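S.K.: Supplied in structure tokens, the structure appears directly below.
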Amino acid sequence: LKMQFMRIGWSGLKETKKEGKVTDKQQKNGIIYLVGSGPGHPGLITKLGYDLLNTSDAVVYDDLIPIELVVALPESIKRYYVGKRAGHHSKPQNETNDLLCDLAGKGLTVVRLKGGDPMVFGRVAEEAAYLKEKGIPHQIIPGITSASAAAADAGFSLTDRRNASWVMLATGREAKSASAPVPWEDVGKLDGGTIVVYMGVKDMERIVKSLLEGGMSPDKPIAVIQNASTGIHQTVRAPLSKIVARCQDANVVAPALIFIG
């Protein structure tokens with residue numbers, strides 16, 4: 001499967017020899033697949049991601065992944081846990097980068113397994129940039145992002161041609177970088193779409209206050225979905241002005257998504 005996958009010409013991979021064997025550089029460096037596992041239910045991973053995971057030499061996995069995917073792996077596949085949650089990091093990002101480099105340097109095929117879609121608030125940009133700098137072949141395999149899975153689980157659509165013509169994905173956690181923070185007061189002026197806030201439960205009160213100050217209606221419908229696509233999910237619905245209190249009453253904690261509109 002690994003050789004077949006590289007032969008089909010997926011962008012970003014090195015050329016292979018005619019017999020389907022990897023080049024000398026690939027044998028020396030190995031290859032890293034940055035795979036999205038999907039959120040919650042283990043069946044939400046793509047077929048391509050699942051096949052690569054089960055034919056890899058090693059898997060480096062995060063905290064918010066369906067653990068069934070790792071538990072069911074063949075015993076020959078090495079497993080490395082590098083999970084991250086707010087305030088609880090098992091391994092700093094630079095150490096995760098070094099681990100990927102070390103495994104690839106041994107000529108291994110490695111799946112870097114991330115929850116949801118690695119391209120949506122999944123630090124894939126940092127890891128891909130590091131691998132590119134080190135000259136290590138790598139490829140991003142998309143997954144189902146939490147917003148899509150949670151909305152489907154709750155029975156509503158992110159878009160609707162009658163009243164939601166756009167979707168905005170934002171993080172509720174302030175970026176510790178040069179990136180501009182989400183301008184919530186400006187967002188409060190928007191209408192006619194759906195806003196999905198990742199990692200926003202801890203700062204929900206601040207976000208709601210800013211949205212109201214920006215002019216968003218206090219009656220705007222909100223849904224907060226915790227542990228989407230699992231057997232312990234819960235959905236809390238309320239108008240914008242009451243959602244914080246309702247979530248406190250329901251003891252909503254991360255991981256959860258906030259849907260506005």
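As shown in the structure tokens, the chain order sets the letters A, B, ...; within each chain, residues go from 1, and ligands are also counted from 1 in the order they appear.
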I want to know what sits within 10 Å of stretch 159-176 of chain A, based on only C-alpha atoms, with residues of the same chain fewer than 5 positions away left out; could you give that as a PyMOL selection string?
M.R.: chain A and resi 86+120-121+147+181-182+184+187+191-204+206-207+257-261
S.K.: So that I can check the secondary structure, give me every residue of stretch 58-157 of chain A assigned strand (DSSP E or B) by backbone DSSP, as JSON, numbers by chain.
M.R.: {"A": [58, 59, 60, 61, 78, 79, 80, 81, 84, 85, 88, 89, 109, 110, 111, 112, 113, 114, 116, 138, 139, 140, 141]}
S.K.: From the options A:Gly83, A:Pro66, A:Gly43, A:Gly215, which residue's atoms come nearest to A:Glu95, counting only C-alpha atoms?
M.R.: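 The answer is A:Gly83, which sits nearest to A:Glu95.
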S.K.: Name the residues of stretch 44-258 of chain A that fall into alpha helix (DSSP H) according to DSSP on the backbone, using the chain letters and numbers of this document, as a ChimeraX atom specification.
M.R.: /A:47-54,67-71,93-105,124-133,146-154,184-187,204-213,243-249
S.K.: Return the single residue from A:Pro74, A:Pro92, A:Gly122, A:Gly36 that is closest to A:Pro142, with distances computed using only C-alpha atoms.
M.R.: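 Once distances to A:Pro142 are computed over only C-alpha atoms, the minimum belongs to A:Gly36.
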S.K.: Pick out the closest residue to A:Lys91 from this set: A:Glu75, A:Val60, A:Lys189, A:Asp153. Count only C-alpha atoms.
M.R.: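 Using only C-alpha atoms, the shortest distance to A:Lys91 belongs to A:Val60.
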S.K.: With a distance cut-off of 9 Å and only C-alpha atoms, select the neighbouring residues of stretch 100-114 of chain A, excluding the residue or stretch itself and same-chain residues fewer than 6 positions from it, and output the selection as an NGL selection string.
M.R.: :A and (2 or 26-38 or 49 or 52-53 or 55-65 or 122 or 124 or 127 or 130-131 or 134 or 136-137 or 143)
S.K.: Record the distance separating atom CA of A:Ile140 and atom CA of A:Phe156, expressed in Å with one decimal.
M.R.: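 These two atoms are separated by 28.5 Å.
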S.K.: Any idea what the distance is between atom CA of A:Arg79 and atom CA of A:Asp98?
M.R.: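 For atom CA of A:Arg79 relative to atom CA of A:Asp98, the distance reads 15.4 Å.
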S.K.: I'd like the contact shell of A:Gly231 - 10 Å cut-off, only C-alpha atoms, skipping same-chain residues fewer than 3 positions apart - returned as a PDB file with N, CA, C and O atoms, in the first residue's frame.
M.R.:
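Printed below is selection_20.pdb as written:
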```
ATOM      1  N   GLY A  40     -13.646  11.761  17.776  1.00  0.00           N
ATOM      2  CA  GLY A  40     -14.615  10.907  18.459  1.00  0.00           C
ATOM      3  C   GLY A  40     -14.668   9.483  17.964  1.00  0.00           C
ATOM      4  O   GLY A  40     -13.858   8.642  18.342  1.00  0.00           O
ATOM      5  N   HIS A  41     -15.600   9.192  17.096  1.00  0.00           N
ATOM      6  CA  HIS A  41     -15.840   7.834  16.624  1.00  0.00           C
ATOM      7  C   HIS A  41     -14.685   7.356  15.749  1.00  0.00           C
ATOM      8  O   HIS A  41     -14.269   8.053  14.816  1.00  0.00           O
ATOM      9  N   ASN A 227     -17.633  16.576  23.550  1.00  0.00           N
ATOM     10  CA  ASN A 227     -17.319  15.174  23.216  1.00  0.00           C
ATOM     11  C   ASN A 227     -18.128  14.672  22.028  1.00  0.00           C
ATOM     12  O   ASN A 227     -18.771  13.614  22.080  1.00  0.00           O
ATOM     13  N   ALA A 228     -18.079  15.423  20.943  1.00  0.00           N
ATOM     14  CA  ALA A 228     -18.854  15.069  19.750  1.00  0.00           C
ATOM     15  C   ALA A 228     -18.470  13.698  19.211  1.00  0.00           C
ATOM     16  O   ALA A 228     -17.320  13.263  19.315  1.00  0.00           O
ATOM     17  N   GLN A 234     -22.744  15.624  24.727  1.00  0.00           N
ATOM     18  CA  GLN A 234     -23.928  16.359  25.154  1.00  0.00           C
ATOM     19  C   GLN A 234     -23.984  17.672  24.390  1.00  0.00           C
ATOM     20  O   GLN A 234     -22.947  18.233  24.020  1.00  0.00           O
TER      21      GLN A 234
END
```
